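Engineer: Right, I'll just put the structure down here and ask away after.
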Amino acid sequence: MDLNAVRTFVAVADAGQFQEAAAGLGITQQAVSKRIAALEKDLGVQLYHRTPRGARLTIDGQAFLPHARDLLRAEERAAGSVRPGRRALRVDVLGRRSAQAALLRGFHHAHPDVALDVVTLFDGDEAMAAVGSGSLDATFRAVTVPAAQLPDGIEAVRVLDEPHQLLTGPGHAFADARAVTLEQLAGHRIWMPGVVPGTEWAAYYEELVAEFGLTIDAIGPNFGPEALLDEIADSPALATLVGEGTRLVWPAAHDLRRIPVLDPTPVYPHSLLWRGDNPHPALAALRAHLGAARPGPGTWVPTWAR
């Protein structure tokens with residue numbers, strides 16, 4: 001369908017006259033008439049009654065008008081998706097309640113004029129491929145390989161070291177502790193059914209277990225965070241590890257406790273990854289806003305993040 005003809009049809013509907021629509025479009029009245037006639041021929045219906053006082057929509061014209069407006073809005077969205085300065089910055093986060101999402105919200109508050117398209121991709125290789133192809137502008141991930149081994153053209157900077165906390169129910173042995181150490185956690189069951197082998201967070205916890213003798217149990221179906229919190233709340237033995245910046249919501253009756261882990265504090269290294277030749281103007285603003293993480297004293301990261 002000729003969108004110029006559709007645009008002309010809408011202009012006539014708004015103006016009520018062919019002459020006024022022509023002036024608004026910057027074309028001749030004859031051109032307006034030709035476009036409307038071509039559209040009517042294409043649709044096989046009459047869209048306007050021509051009268052001495054102007055143009056009046058027929059019943060078919062009235063039926064077509066809202067769809068014509070939708071077509072023009074779709075055209076604008078399609079053009080805006082690739083037009084420099086108009087396309088939303090498309091960024092991948094692991095979850096909408098994660099610390100990564102909180103970083104992105106902070107950027108949005110600082111730059112409310114920047115349009116954001118927030119997506120959540122589970123697989124790290126998929127996210128990396130999307131950044132490489134240009135379908136994503138950036139992704140937040142833990143980088144488990146040296147910079148030289150990243151795909152060609154991909155750049156990365158570590159933007160956040162997120163401390164871990166122990167999450168327990170009110171009946172757990174550490175429920176009333178102001179803090180716990182990794183040494184104290186040895187021998188206690190830490191249940192994390194969301195840890196999937198082969199992911200970057202699985203690599204993180206594998207090193208944590210190996211270095212400090214922790215027992216992290218990933219057995220069992222992952223029914224989501226709500227089900228995990230229900231189990232933790234009712235158990236005197238189960239606990240889990242959560243990121244300090246991860247937002248969790250639970251019923252008040254659960255009485256869950258978030259307890260800092262110290263000596264050392266395990267921190268998860270979040271990095272931002274992007275293509276070095278990505279021309280999106282907001283990408284530089286995002287990188288400048290995030291800065292670079294500066295590991296604090298008394299923290300622990302796996303060897304691939306040191």
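Lettering and numbering for the structure tokens are positional, with chains as A, B, ... in the shown order, residues counted from 1 in each chain, and ligands counted from 1 in the shown order.
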Residues within 7 Å of region 179-189 of chain A, please, as a list in words. Count only C-alpha atoms; anything in the same chain fewer than 6 positions from it doesn't count.
Structural biologist: Phe212, Gly213, Leu214, Thr215, Ile216, Asp217, Ala237, Leu238, Ala239, Ile259, Pro260, Val261, Leu262 and Asp263 of chain A
Engineer: Could you turn the residues from that selection into a file that holds N, CA, C and O atoms, as a CSV table (one decimal), in the first residue's frame?
Structural biologist:
chain,number,residue,atom,x,y,z
A,212,PHE,N,36.4,-22.3,49.3
A,212,PHE,CA,35.9,-22.2,50.7
A,212,PHE,C,35.2,-23.4,51.2
A,212,PHE,O,34.7,-23.4,52.3
A,213,GLY,N,35.1,-24.5,50.4
A,213,GLY,CA,34.5,-25.7,50.9
A,213,GLY,C,33.0,-25.6,51.2
A,213,GLY,O,32.5,-26.2,52.1
A,214,LEU,N,32.3,-24.7,50.4
A,214,LEU,CA,30.9,-24.5,50.7
A,214,LEU,C,30.1,-25.7,50.0
A,214,LEU,O,30.6,-26.4,49.2
A,215,THR,N,28.8,-25.8,50.5
A,215,THR,CA,27.9,-26.8,49.9
A,215,THR,C,26.8,-26.1,49.2
A,215,THR,O,25.9,-25.6,49.9
A,216,ILE,N,26.9,-25.9,47.9
A,216,ILE,CA,25.8,-25.3,47.1
A,216,ILE,C,25.1,-26.4,46.4
A,216,ILE,O,25.7,-27.1,45.6
A,217,ASP,N,23.8,-26.5,46.7
A,217,ASP,CA,23.0,-27.5,46.1
A,217,ASP,C,22.1,-26.9,45.0
A,217,ASP,O,21.2,-26.1,45.3
A,237,ALA,N,17.1,-25.3,57.9
A,237,ALA,CA,18.4,-25.8,57.4
A,237,ALA,C,18.8,-25.1,56.1
A,237,ALA,O,19.9,-25.0,55.8
A,238,LEU,N,17.8,-24.7,55.3
A,238,LEU,CA,18.1,-24.2,54.0
A,238,LEU,C,18.4,-22.7,54.0
A,238,LEU,O,17.7,-22.0,54.8
A,239,ALA,N,19.3,-22.3,53.2
A,239,ALA,CA,19.6,-20.8,53.0
A,239,ALA,C,20.0,-20.7,51.5
A,239,ALA,O,20.2,-21.7,50.8
A,259,ILE,N,21.6,-11.4,55.3
A,259,ILE,CA,22.8,-11.2,56.2
A,259,ILE,C,24.1,-11.1,55.4
A,259,ILE,O,24.4,-11.9,54.5
A,260,PRO,N,24.8,-10.0,55.7
A,260,PRO,CA,26.1,-9.8,55.0
A,260,PRO,C,27.1,-10.9,55.2
A,260,PRO,O,27.1,-11.6,56.2
A,261,VAL,N,27.8,-11.2,54.1
A,261,VAL,CA,28.9,-12.3,54.2
A,261,VAL,C,30.2,-11.5,54.2
A,261,VAL,O,30.5,-10.7,53.3
A,262,LEU,N,31.1,-11.9,55.2
A,262,LEU,CA,32.3,-11.1,55.3
A,262,LEU,C,33.5,-12.1,55.4
A,262,LEU,O,33.4,-13.3,55.5
A,263,ASP,N,34.7,-11.5,55.3
A,263,ASP,CA,36.0,-12.1,55.6
A,263,ASP,C,36.3,-13.4,54.7
A,263,ASP,O,36.5,-14.5,55.2
Engineer: Can you tell me which residues surround region 162-171 of chain A at a distance of at most 7 Å, considering only C-alpha atoms, apart from same-chain residues fewer than 4 positions away, and format the answer as an MDAnalysis selection string?
Structural biologist: chainID A and resid 175 232:236 239:245 254:261 265:269
Engineer: Apply DSSP to the structure's backbone, then extract all residues of region 12-147 of chain A labelled alpha helix (DSSP H) and return them as a ChimeraX atom specification.
Structural biologist: /A:12-15,18-25,29-43,59-80,99-110,124-133
Engineer: Using only C-alpha atoms, can you tell me which of A:Asp123, A:His280, A:Pro302, A:Arg287 comes closest to Val209 (chain A)?
Structural biologist: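 So, comparing all the options, the nearest one is A:Pro302.
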Engineer: Identify all residues of region 45-201 of chain A in strand (DSSP E) (DSSP on the backbone) and supply them as a PyMOL selection string.
Structural biologist: chain A and resi 48-51+54-57+89-92+116-119+138-141+154-168+180-181+189-191
Engineer: Just give me the gap between CA of Ile154 (chain A) and CA of Leu273 (chain A) in Å, one decimal is fine.
Structural biologist: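 One can read the CA of Ile154 (chain A) to CA of Leu273 (chain A) distance as 6.7 Å.
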Engineer: Set the distance at 10 Å and use only C-alpha atoms: which residues neighbour Pro225 (chain A) once local chain neighbours fewer than 5 positions away are removed? I'd like the list as number ranges by chain.
Structural biologist: A: 192-194, 230-231, 248-250
Engineer: With N, CA and C atoms retained, export the selected residues as a tab-separated table (two decimals), in the first residue's frame.
Structural biologist:
chain	number	residue	atom	x	y	z
A	192	MET	N	20.46	-23.41	45.68
A	192	MET	CA	20.39	-22.49	44.54
A	192	MET	C	19.97	-23.26	43.30
A	193	PRO	N	18.67	-23.60	43.18
A	193	PRO	CA	18.23	-24.39	42.04
A	193	PRO	C	18.30	-23.67	40.70
A	194	GLY	N	18.55	-22.38	40.71
A	194	GLY	CA	18.64	-21.63	39.46
A	194	GLY	C	20.01	-21.65	38.82
A	230	ASP	N	9.61	-19.25	49.49
A	230	ASP	CA	8.67	-20.02	50.33
A	230	ASP	C	9.39	-21.14	51.07
A	231	GLU	N	10.25	-21.87	50.34
A	231	GLU	CA	10.98	-22.98	50.95
A	231	GLU	C	11.96	-22.48	52.02
A	248	LEU	N	14.14	-8.35	45.92
A	248	LEU	CA	13.27	-9.50	46.18
A	248	LEU	C	12.09	-9.02	47.02
A	249	VAL	N	10.94	-9.60	46.75
A	249	VAL	CA	9.73	-9.24	47.48
A	249	VAL	C	9.12	-10.53	48.03
A	250	TRP	N	8.77	-10.51	49.33
A	250	TRP	CA	8.14	-11.69	49.94
A	250	TRP	C	7.09	-11.25	50.96
Engineer: Between CA of Arg105 (chain A) and CA of Arg247 (chain A), what distance in Å does the model show, to one decimal?
Structural biologist: 12.7 Å
Engineer: Any idea what the distance is between CA of Leu104 (chain A) and CA of Phe122 (chain A)?
Structural biologist: 17.5 Å
Engineer: Measuring between only C-alpha atoms, which one of A:Arg77, A:Arg35, A:Arg50, A:Arg141 shows the shortest distance to Thr199 (chain A)?
Structural biologist: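 Distance minimum relative to Thr199 (chain A) lands on A:Arg141.
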